[in-house]
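Reading through the structure tokens given below for one structure.
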Amino acid sequence: MDNDCLFCRIVAGEIPATVVHETETTLAFRDIDPKAPVHVLVIPKDHHPDVVTLANDDPAAAAGLLAAAAAVAETEGLLMDGFRLLFNTGGYAGQEVFHVHAHVLGGEPLGPMLAPR
Ligand code: 5GP
Ligand code: ZN
């Protein structure tokens, strides 16, 4: 655990979160500032700064994270209409929390993937 990491502190139960799914290695909870009717963050319980370090350092945990995201999409009722799964990674993507997290977004049409240029 990284004591300075917000999401490690959520895993440790030090900061409250609305948990919607949990496995031995993952935790999923609602985003505090939702950008869609369904906006869930799915994280590995172990600290990895981003999806690249997770994939390189612990491929099994990366697979577990994807499986958890798929389970969340199913339990949130997103499979029929579709949803978006994304990992902001680094500065250009605007990553704010450096504990890897998948955003599961859905519940209405989400519009273009990026703002038109
Ligand atoms: P990023 O920009 O790093 O991909 O996304 C970070 C996400 O974490 C944002 O969508 C933000 O709303 C969410 N977030 C930040 N602080 C908290 C918190 O304390 N609790 C929860 N549940 N979500 C948070
Ligand atoms: Zn962390």
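Ordering of the structure tokens sets the chain letters (A, B, ...); residue numbers start at 1 within each chain; ligands are numbered from 1 in the order shown.
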task = Determine, counting only C-alpha atoms, which protein, DNA and RNA residues have an atom within 6 Å of an atom of His99 in chain A; residues of the same chain fewer than 6 positions away are not included. Present the result as a list in words.
result = His47, His48 and Pro49 of chain A
So that I have them on file, write out the residues from the current selection with N, CA and C atoms, as a PDB file, in the first residue's frame.
```pdb
ATOM      1  N   HIS A  47      -1.044  -1.640  -5.615  1.00  0.00           N
ATOM      2  CA  HIS A  47      -0.748  -0.354  -6.232  1.00  0.00           C
ATOM      3  C   HIS A  47       0.123  -0.505  -7.481  1.00  0.00           C
ATOM      4  N   HIS A  48      -0.395  -0.029  -8.608  1.00  0.00           N
ATOM      5  CA  HIS A  48       0.377   0.144  -9.844  1.00  0.00           C
ATOM      6  C   HIS A  48      -0.029   1.510 -10.378  1.00  0.00           C
ATOM      7  N   PRO A  49       0.915   2.340 -10.801  1.00  0.00           N
ATOM      8  CA  PRO A  49       0.572   3.714 -11.176  1.00  0.00           C
ATOM      9  C   PRO A  49      -0.335   3.825 -12.392  1.00  0.00           C
TER      10      PRO A  49
END
```
message = ligand 1: which residues are within 9 Å, counting only C-alpha atoms and all ligand atoms? Reply as a PyMOL selection string.
response = chain A and resi 6-7+10+15-19+29-35+39-41+86-90+93-103
Output file for the selection above: N, CA and C atoms, as an mmCIF file, in the first residue's frame:
```cif
data_model
loop_
_atom_site.group_PDB
_atom_site.id
_atom_site.type_symbol
_atom_site.label_atom_id
_atom_site.label_comp_id
_atom_site.auth_asym_id
_atom_site.auth_seq_id
_atom_site.Cartn_x
_atom_site.Cartn_y
_atom_site.Cartn_z
ATOM 1 N N LEU A 6 -4.672 7.872 -2.912
ATOM 2 C CA LEU A 6 -6.106 7.930 -2.600
ATOM 3 C C LEU A 6 -6.771 6.561 -2.748
ATOM 4 N N PHE A 7 -6.484 5.865 -3.851
ATOM 5 C CA PHE A 7 -7.203 4.612 -4.093
ATOM 6 C C PHE A 7 -6.676 3.481 -3.205
ATOM 7 N N ILE A 10 -8.691 3.912 -0.185
ATOM 8 C CA ILE A 10 -10.041 3.352 -0.353
ATOM 9 C C ILE A 10 -9.990 1.837 -0.163
ATOM 10 N N ILE A 15 -10.850 5.619 3.441
ATOM 11 C CA ILE A 15 -11.694 6.617 2.780
ATOM 12 C C ILE A 15 -12.913 5.869 2.259
ATOM 13 N N PRO A 16 -14.123 6.391 2.539
ATOM 14 C CA PRO A 16 -15.325 5.660 2.125
ATOM 15 C C PRO A 16 -15.528 5.697 0.611
ATOM 16 N N ALA A 17 -16.155 4.663 0.104
ATOM 17 C CA ALA A 17 -16.517 4.600 -1.315
ATOM 18 C C ALA A 17 -17.741 3.700 -1.435
ATOM 19 N N THR A 18 -18.502 3.938 -2.502
ATOM 20 C CA THR A 18 -19.674 3.098 -2.761
ATOM 21 C C THR A 18 -19.224 1.929 -3.614
ATOM 22 N N VAL A 19 -18.958 0.813 -2.949
ATOM 23 C CA VAL A 19 -18.410 -0.371 -3.628
ATOM 24 C C VAL A 19 -19.541 -1.135 -4.309
ATOM 25 N N PHE A 29 -15.887 0.737 -7.510
ATOM 26 C CA PHE A 29 -16.698 1.684 -6.729
ATOM 27 C C PHE A 29 -17.126 2.832 -7.633
ATOM 28 N N ARG A 30 -18.218 3.518 -7.224
ATOM 29 C CA ARG A 30 -18.743 4.598 -8.056
ATOM 30 C C ARG A 30 -17.827 5.820 -8.015
ATOM 31 N N ASP A 31 -17.651 6.433 -9.191
ATOM 32 C CA ASP A 31 -16.857 7.667 -9.274
ATOM 33 C C ASP A 31 -17.562 8.766 -8.476
ATOM 34 N N ILE A 32 -16.784 9.547 -7.744
ATOM 35 C CA ILE A 32 -17.346 10.601 -6.890
ATOM 36 C C ILE A 32 -17.938 11.741 -7.724
ATOM 37 N N ASP A 33 -17.522 11.863 -8.964
ATOM 38 C CA ASP A 33 -17.981 12.946 -9.849
ATOM 39 C C ASP A 33 -18.371 12.324 -11.191
ATOM 40 N N PRO A 34 -19.522 11.628 -11.221
ATOM 41 C CA PRO A 34 -19.841 10.795 -12.396
ATOM 42 C C PRO A 34 -20.022 11.608 -13.675
ATOM 43 N N LYS A 35 -19.465 11.088 -14.776
ATOM 44 C CA LYS A 35 -19.554 11.722 -16.087
ATOM 45 C C LYS A 35 -20.615 11.050 -16.966
ATOM 46 N N HIS A 39 -21.010 5.342 -13.804
ATOM 47 C CA HIS A 39 -19.569 5.649 -13.879
ATOM 48 C C HIS A 39 -18.905 4.959 -12.688
ATOM 49 N N VAL A 40 -18.302 3.825 -12.978
ATOM 50 C CA VAL A 40 -17.668 2.998 -11.953
ATOM 51 C C VAL A 40 -16.177 2.923 -12.242
ATOM 52 N N LEU A 41 -15.370 3.004 -11.198
ATOM 53 C CA LEU A 41 -13.916 2.836 -11.307
ATOM 54 C C LEU A 41 -13.562 1.438 -10.827
ATOM 55 N N LEU A 86 -12.326 2.735 -20.276
ATOM 56 C CA LEU A 86 -11.129 3.492 -20.647
ATOM 57 C C LEU A 86 -10.160 3.638 -19.486
ATOM 58 N N PHE A 87 -8.903 3.756 -19.866
ATOM 59 C CA PHE A 87 -7.807 3.991 -18.921
ATOM 60 C C PHE A 87 -7.124 5.295 -19.324
ATOM 61 N N ASN A 88 -7.307 6.351 -18.581
ATOM 62 C CA ASN A 88 -6.478 7.535 -18.812
ATOM 63 C C ASN A 88 -5.062 7.212 -18.345
ATOM 64 N N THR A 89 -4.093 7.551 -19.177
ATOM 65 C CA THR A 89 -2.702 7.164 -18.886
ATOM 66 C C THR A 89 -1.785 8.344 -19.163
ATOM 67 N N GLY A 90 -1.285 8.964 -18.087
ATOM 68 C CA GLY A 90 -0.305 10.032 -18.239
ATOM 69 C C GLY A 90 -0.918 11.391 -18.542
ATOM 70 N N ALA A 93 -3.526 12.388 -21.403
ATOM 71 C CA ALA A 93 -4.864 11.822 -21.163
ATOM 72 C C ALA A 93 -5.522 12.437 -19.935
ATOM 73 N N GLY A 94 -4.774 13.278 -19.217
ATOM 74 C CA GLY A 94 -5.345 13.932 -18.042
ATOM 75 C C GLY A 94 -5.510 13.013 -16.841
ATOM 76 N N GLN A 95 -4.670 11.974 -16.748
ATOM 77 C CA GLN A 95 -4.767 11.087 -15.584
ATOM 78 C C GLN A 95 -4.539 11.891 -14.300
ATOM 79 N N GLU A 96 -5.463 11.746 -13.351
ATOM 80 C CA GLU A 96 -5.388 12.520 -12.096
ATOM 81 C C GLU A 96 -4.969 11.658 -10.919
ATOM 82 N N VAL A 97 -5.380 10.406 -10.909
ATOM 83 C CA VAL A 97 -5.065 9.509 -9.792
ATOM 84 C C VAL A 97 -4.126 8.425 -10.313
ATOM 85 N N PHE A 98 -2.933 8.372 -9.727
ATOM 86 C CA PHE A 98 -1.906 7.469 -10.256
ATOM 87 C C PHE A 98 -1.905 6.138 -9.504
ATOM 88 N N HIS A 99 -3.089 5.553 -9.453
ATOM 89 C CA HIS A 99 -3.322 4.144 -9.095
ATOM 90 C C HIS A 99 -4.237 3.667 -10.215
ATOM 91 N N VAL A 100 -3.761 2.732 -11.020
ATOM 92 C CA VAL A 100 -4.470 2.380 -12.252
ATOM 93 C C VAL A 100 -5.947 2.095 -11.976
ATOM 94 N N HIS A 101 -6.791 2.641 -12.855
ATOM 95 C CA HIS A 101 -8.234 2.434 -12.724
ATOM 96 C C HIS A 101 -8.860 2.429 -14.100
ATOM 97 N N ALA A 102 -9.767 1.473 -14.292
ATOM 98 C CA ALA A 102 -10.588 1.447 -15.507
ATOM 99 C C ALA A 102 -11.866 2.207 -15.208
ATOM 100 N N HIS A 103 -12.226 3.119 -16.114
ATOM 101 C CA HIS A 103 -13.530 3.778 -16.017
ATOM 102 C C HIS A 103 -14.531 2.929 -16.791
#
```
message = Between A:Leu27, A:Met80, A:Ala36, A:Ala73, which residue has the minimum interatomic distance to ligand 2, considering only C-alpha atoms and all ligand atoms?
response =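 The shortest atom-to-atom distance to ligand 2 comes from A:Leu27.
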ask   = What's the 10 Å shell around range 54-62 of chain A, counting only C-alpha atoms, without same-chain residues fewer than 2 positions away, as a ChimeraX atom specification?
value = /A:25-26,43-52,64-68,99-100
key: Which of A:Glu108, A:Leu78, A:Cys8, A:Asn3 sits closest to ligand 2 [using only C-alpha atoms and all ligand atoms]   =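 For ligand 2, the nearest of the candidates is A:Cys8.
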key: Secondary structure check, strand (DSSP E or B) residues of chain A, as a VMD selection string   = chain A and resid 19 to 22 26 to 30 38 to 44 83 to 86 102 to 106
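Ranking A:Val72, A:Asp81, A:Thr53, A:Gly91 by their shortest atom-to-atom distance to Pro109 in chain A, with only C-alpha atoms included, puts A:Asp81 first.
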task = Among the residues of range 26-56 of chain A, find those DSSP assigns to alpha helix (DSSP H) from the backbone and print them as an MDAnalysis selection string.
result = chainID A and resid 51:56
note = With distances taken over only C-alpha atoms, the candidate from A:Thr75, A:Asp4, A:Leu114, A:Glu14 nearest Ala28 in chain A is A:Thr75
